[in-house]
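Have a look at the structure below, then the notes.
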Amino acid sequence: MTLGKVVGTVWATRKDEQLIGMKLQIVQQVDLDLTLKDSFVVAVDSVGAGVGEIVLYATGSSARQTELTRNKPVDAVITAIVDKLDVPGTPALTEAVEA
Amino acid sequence: MNLARVIGNVWATRKYPTLEGRRMLFAQPLTFAGAEAGAPLVMLDTVDAGIGDVVIYVSSTEAAVPFRPNLTPTDATIVGIVERVDHLGTTWRTTPEDDEAAG
């Protein structure tokens with residue numbers, strides 16, 4: 001799974017029927033020090049994450065391993081909201097997650 | 001499967017239900033020569049690996065296989081702890097202390 005920050009939400013009225021009811025969040029990948037990287041994905045939210053939160057997301061066919069996304073046309077899913085990170089040698093992660 | 005070194009822990013209270021009770025670790029993928037390769041990932045742990053351990057992990061959909069029949073949204077899962085690697089005629093042990101012990 002990859003560490004990312006929810007930076008926005010996508011609304012789409014006309015979409016594949018199998019996507020109806022799913023919340024689509026824009027997730028930007030972050031580095032170990034939580035600085036934003038260039039890459040981002042639109043991910044289905046399975047945990048109720050809000051904009052600004054640090055999350056974990058799974059990509060590829062693994063994104064279909066939830067009841068919500070099973071057999072659906074989805075390739076990224078938010079699976080957890082990060083409370084705390086502990087990577088020795090990388091300072092101030094916890095504070096940044098809480099901020 | 002590929003090699004990685006565990007570099008940290010991740011805590012998340014709100015998570016997908018099938019991830020409850022699973023340890024999540026930050027790990028830096030390695031080449032088979034032991035050099036860092038690419039960006040760190042968060043992996044589920046099935047073997048009680050700790051920080052500093054070199055591990056083997058499965059990626060992609062197969063990462064969910066150890067947790068069947070549950071649907072588990074993971075794209076990387078640690079499935080073993082590595083002690084030693086023999087690669088292209090060279091051998092390395094996964095901890096510096098082991099290297100010294102081996103002479």
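All residue names refer to the structure tokens as shown: chains lettered A, B, ... in order, residues numbered from 1 in each chain, ligands numbered from 1 in order.
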- Return the neighbours of chain A among the residues of chain B, cut-off 8 Å, counting only C-alpha atoms, as a PyMOL selection string. chain B and resi 7-16+26+40-43+60-61+63-64+71-76
- Query: Excluding same-chain residues fewer than 4 positions from Val54 in chain B, what lies within 9 Å of it counting only C-alpha atoms, as a PyMOL selection string?
  - Reply: chain B and resi 3-6+27+30+49-50+80-83+94-95
- Item | Residue list (strand (DSSP E or B), DSSP) for chain B, as number ranges by chain | B: 2-11, 15, 23-30, 36, 41-45, 54-59, 76-81, 84-87, 90-93
File dump, residues just selected, N, CA and C atoms, as a short mmCIF file (atom, residue, chain, number, x, y, z; two decimals), in the first residue's frame:
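Full text of out.cif as output:
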data_model
loop_
_atom_site.label_atom_id
_atom_site.label_comp_id
_atom_site.auth_asym_id
_atom_site.auth_seq_id
_atom_site.Cartn_x
_atom_site.Cartn_y
_atom_site.Cartn_z
N ASN B 2 9.75 -10.30 -3.88
CA ASN B 2 10.92 -9.43 -3.88
C ASN B 2 11.42 -9.21 -2.46
N LEU B 3 12.60 -8.60 -2.37
CA LEU B 3 13.19 -8.31 -1.06
C LEU B 3 12.90 -6.89 -0.63
N ALA B 4 12.80 -6.68 0.68
CA ALA B 4 12.66 -5.34 1.23
C ALA B 4 13.24 -5.33 2.64
N ARG B 5 13.57 -4.12 3.11
CA ARG B 5 14.00 -3.99 4.50
C ARG B 5 12.94 -3.20 5.26
N VAL B 6 12.54 -3.73 6.42
CA VAL B 6 11.52 -3.04 7.23
C VAL B 6 12.14 -1.81 7.85
N ILE B 7 11.49 -0.65 7.66
CA ILE B 7 12.06 0.60 8.18
C ILE B 7 11.13 1.32 9.15
N GLY B 8 9.91 0.87 9.32
CA GLY B 8 9.05 1.61 10.25
C GLY B 8 7.69 0.97 10.45
N ASN B 9 6.94 1.54 11.39
CA ASN B 9 5.60 1.07 11.71
C ASN B 9 4.57 2.10 11.28
N VAL B 10 3.38 1.63 11.00
CA VAL B 10 2.26 2.51 10.66
C VAL B 10 1.08 2.13 11.54
N TRP B 11 0.42 3.15 12.13
CA TRP B 11 -0.78 2.88 12.91
C TRP B 11 -1.98 3.55 12.23
N LYS B 15 -9.83 1.79 9.48
CA LYS B 15 -9.34 1.07 8.31
C LYS B 15 -10.40 0.08 7.86
N ARG B 23 -0.81 -6.21 11.32
CA ARG B 23 0.29 -5.25 11.48
C ARG B 23 0.61 -4.65 10.12
N MET B 24 0.90 -3.35 10.14
CA MET B 24 1.31 -2.69 8.91
C MET B 24 2.70 -2.12 9.10
N LEU B 25 3.59 -2.42 8.18
CA LEU B 25 4.99 -1.99 8.30
C LEU B 25 5.40 -1.21 7.06
N PHE B 26 6.25 -0.21 7.29
CA PHE B 26 6.88 0.50 6.20
C PHE B 26 8.11 -0.28 5.76
N ALA B 27 8.29 -0.53 4.50
CA ALA B 27 9.46 -1.28 4.06
C ALA B 27 10.04 -0.68 2.78
N GLN B 28 11.35 -0.70 2.72
CA GLN B 28 12.08 -0.19 1.56
C GLN B 28 12.45 -1.36 0.66
N PRO B 29 11.89 -1.44 -0.56
CA PRO B 29 12.28 -2.52 -1.47
C PRO B 29 13.79 -2.51 -1.76
N LEU B 30 14.35 -3.70 -1.93
CA LEU B 30 15.79 -3.86 -2.18
C LEU B 30 15.99 -4.66 -3.46
N GLU B 36 18.96 -0.27 -2.21
CA GLU B 36 17.61 0.25 -2.20
C GLU B 36 17.08 0.38 -3.63
N LEU B 41 7.17 1.25 0.73
CA LEU B 41 5.76 0.84 0.64
C LEU B 41 5.27 0.47 2.03
N VAL B 42 3.96 0.47 2.19
CA VAL B 42 3.37 -0.10 3.40
C VAL B 42 2.93 -1.51 3.08
N MET B 43 3.33 -2.46 3.94
CA MET B 43 3.02 -3.87 3.69
C MET B 43 2.31 -4.46 4.91
N LEU B 44 1.43 -5.41 4.68
CA LEU B 44 0.88 -6.18 5.78
C LEU B 44 1.90 -7.23 6.17
N ASP B 45 1.89 -7.62 7.45
CA ASP B 45 2.89 -8.54 7.96
C ASP B 45 2.22 -9.83 8.42
N VAL B 54 15.30 -7.92 6.95
CA VAL B 54 15.12 -8.06 5.50
C VAL B 54 14.05 -9.13 5.28
N VAL B 55 13.10 -8.83 4.44
CA VAL B 55 11.94 -9.73 4.29
C VAL B 55 11.69 -10.01 2.81
N ILE B 56 10.94 -11.09 2.55
CA ILE B 56 10.40 -11.28 1.21
C ILE B 56 8.93 -10.90 1.25
N TYR B 57 8.48 -10.25 0.17
CA TYR B 57 7.08 -9.84 0.13
C TYR B 57 6.49 -10.17 -1.23
N VAL B 58 5.17 -10.40 -1.21
CA VAL B 58 4.44 -10.60 -2.47
C VAL B 58 3.69 -9.32 -2.77
N SER B 59 3.57 -8.99 -4.04
CA SER B 59 2.87 -7.76 -4.40
C SER B 59 1.73 -8.09 -5.35
N ALA B 76 0.69 -5.37 -1.03
CA ALA B 76 2.02 -5.86 -0.66
C ALA B 76 1.91 -6.55 0.70
N THR B 77 2.42 -7.78 0.80
CA THR B 77 2.33 -8.53 2.05
C THR B 77 3.66 -9.24 2.31
N ILE B 78 4.16 -9.08 3.54
CA ILE B 78 5.41 -9.74 3.94
C ILE B 78 5.12 -11.19 4.27
N VAL B 79 5.87 -12.11 3.64
CA VAL B 79 5.60 -13.53 3.85
C VAL B 79 6.81 -14.31 4.36
N GLY B 80 7.95 -13.63 4.60
CA GLY B 80 9.10 -14.35 5.13
C GLY B 80 10.19 -13.40 5.60
N ILE B 81 10.99 -13.88 6.55
CA ILE B 81 12.14 -13.09 7.02
C ILE B 81 13.41 -13.76 6.49
N ARG B 84 19.82 -14.87 4.74
CA ARG B 84 21.01 -14.88 3.89
C ARG B 84 20.58 -14.92 2.44
N VAL B 85 21.35 -14.24 1.58
CA VAL B 85 21.06 -14.23 0.16
C VAL B 85 22.31 -14.65 -0.60
N ASP B 86 22.18 -15.65 -1.45
CA ASP B 86 23.25 -16.01 -2.38
C ASP B 86 22.80 -15.53 -3.75
N HIS B 87 23.58 -14.63 -4.34
CA HIS B 87 23.14 -14.03 -5.59
C HIS B 87 24.33 -13.78 -6.50
N THR B 90 27.77 -14.11 -5.09
CA THR B 90 28.07 -13.40 -3.84
C THR B 90 27.04 -13.79 -2.78
N THR B 91 27.49 -13.73 -1.54
CA THR B 91 26.60 -14.05 -0.42
C THR B 91 26.56 -12.86 0.51
N TRP B 92 25.38 -12.48 0.94
CA TRP B 92 25.31 -11.48 2.00
C TRP B 92 24.31 -11.89 3.04
N ARG B 93 24.63 -11.56 4.28
CA ARG B 93 23.73 -11.82 5.40
C ARG B 93 22.96 -10.54 5.66
#
From a DSSP calculation on the backbone, collect every residue of chain A in helix (DSSP H, G or I) and output the set as a CSV table (one decimal) with C-alpha atoms, in the first residue's frame.
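So the final result, stored in selection-v9.csv, reads:
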chain,number,residue,atom,x,y,z
A,17,GLU,CA,-23.4,2.0,-13.2
A,18,GLN,CA,-21.1,-0.1,-11.0
A,19,LEU,CA,-19.5,3.1,-9.7
A,60,GLY,CA,-4.1,-2.4,-9.2
A,61,SER,CA,-6.3,-5.6,-8.9
A,62,SER,CA,-5.8,-5.5,-5.1
A,63,ALA,CA,-8.1,-2.5,-5.1
A,64,ARG,CA,-11.0,-4.9,-5.9
A,93,LEU,CA,6.3,12.4,11.1
A,94,THR,CA,3.7,12.1,13.9
A,95,GLU,CA,3.3,15.8,14.2
A,96,ALA,CA,2.8,16.1,10.5
A,97,VAL,CA,0.1,13.5,10.4
A,98,GLU,CA,-1.7,15.2,13.3
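Atom to atom, CA of Gly50 in chain A and CA of Asn70 in chain B stand 26.3 Å apart.
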- Item | Distance query Thr9 in chain A at most 9 Å, only C-alpha atoms, self and fewer than 5 positions along chain excluded, as number ranges by chain | A: 23-27, 42, 50-51
For the residues in the current selection, export C-alpha atoms as a compact mmCIF listing (two decimals), in the first residue's frame.
# COMPACT_ATOMS: atom_id res chain seq x y z
CA LYS A 23 -17.01 8.36 -3.09
CA LEU A 24 -14.11 9.27 -5.35
CA GLN A 25 -11.18 11.04 -3.72
CA ILE A 26 -8.08 12.53 -5.32
CA VAL A 27 -5.08 11.12 -3.48
CA VAL A 42 -8.48 8.94 -8.08
CA GLY A 50 -11.67 13.51 4.40
CA VAL A 51 -9.65 16.08 2.50
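The coordinates place CA of Asp48 in chain B at 18.0 Å from CA of Thr18 in chain B.
Counting from CA of Gly52 in chain A, the distance to CA of Val6 in chain A is 5.3 Å.
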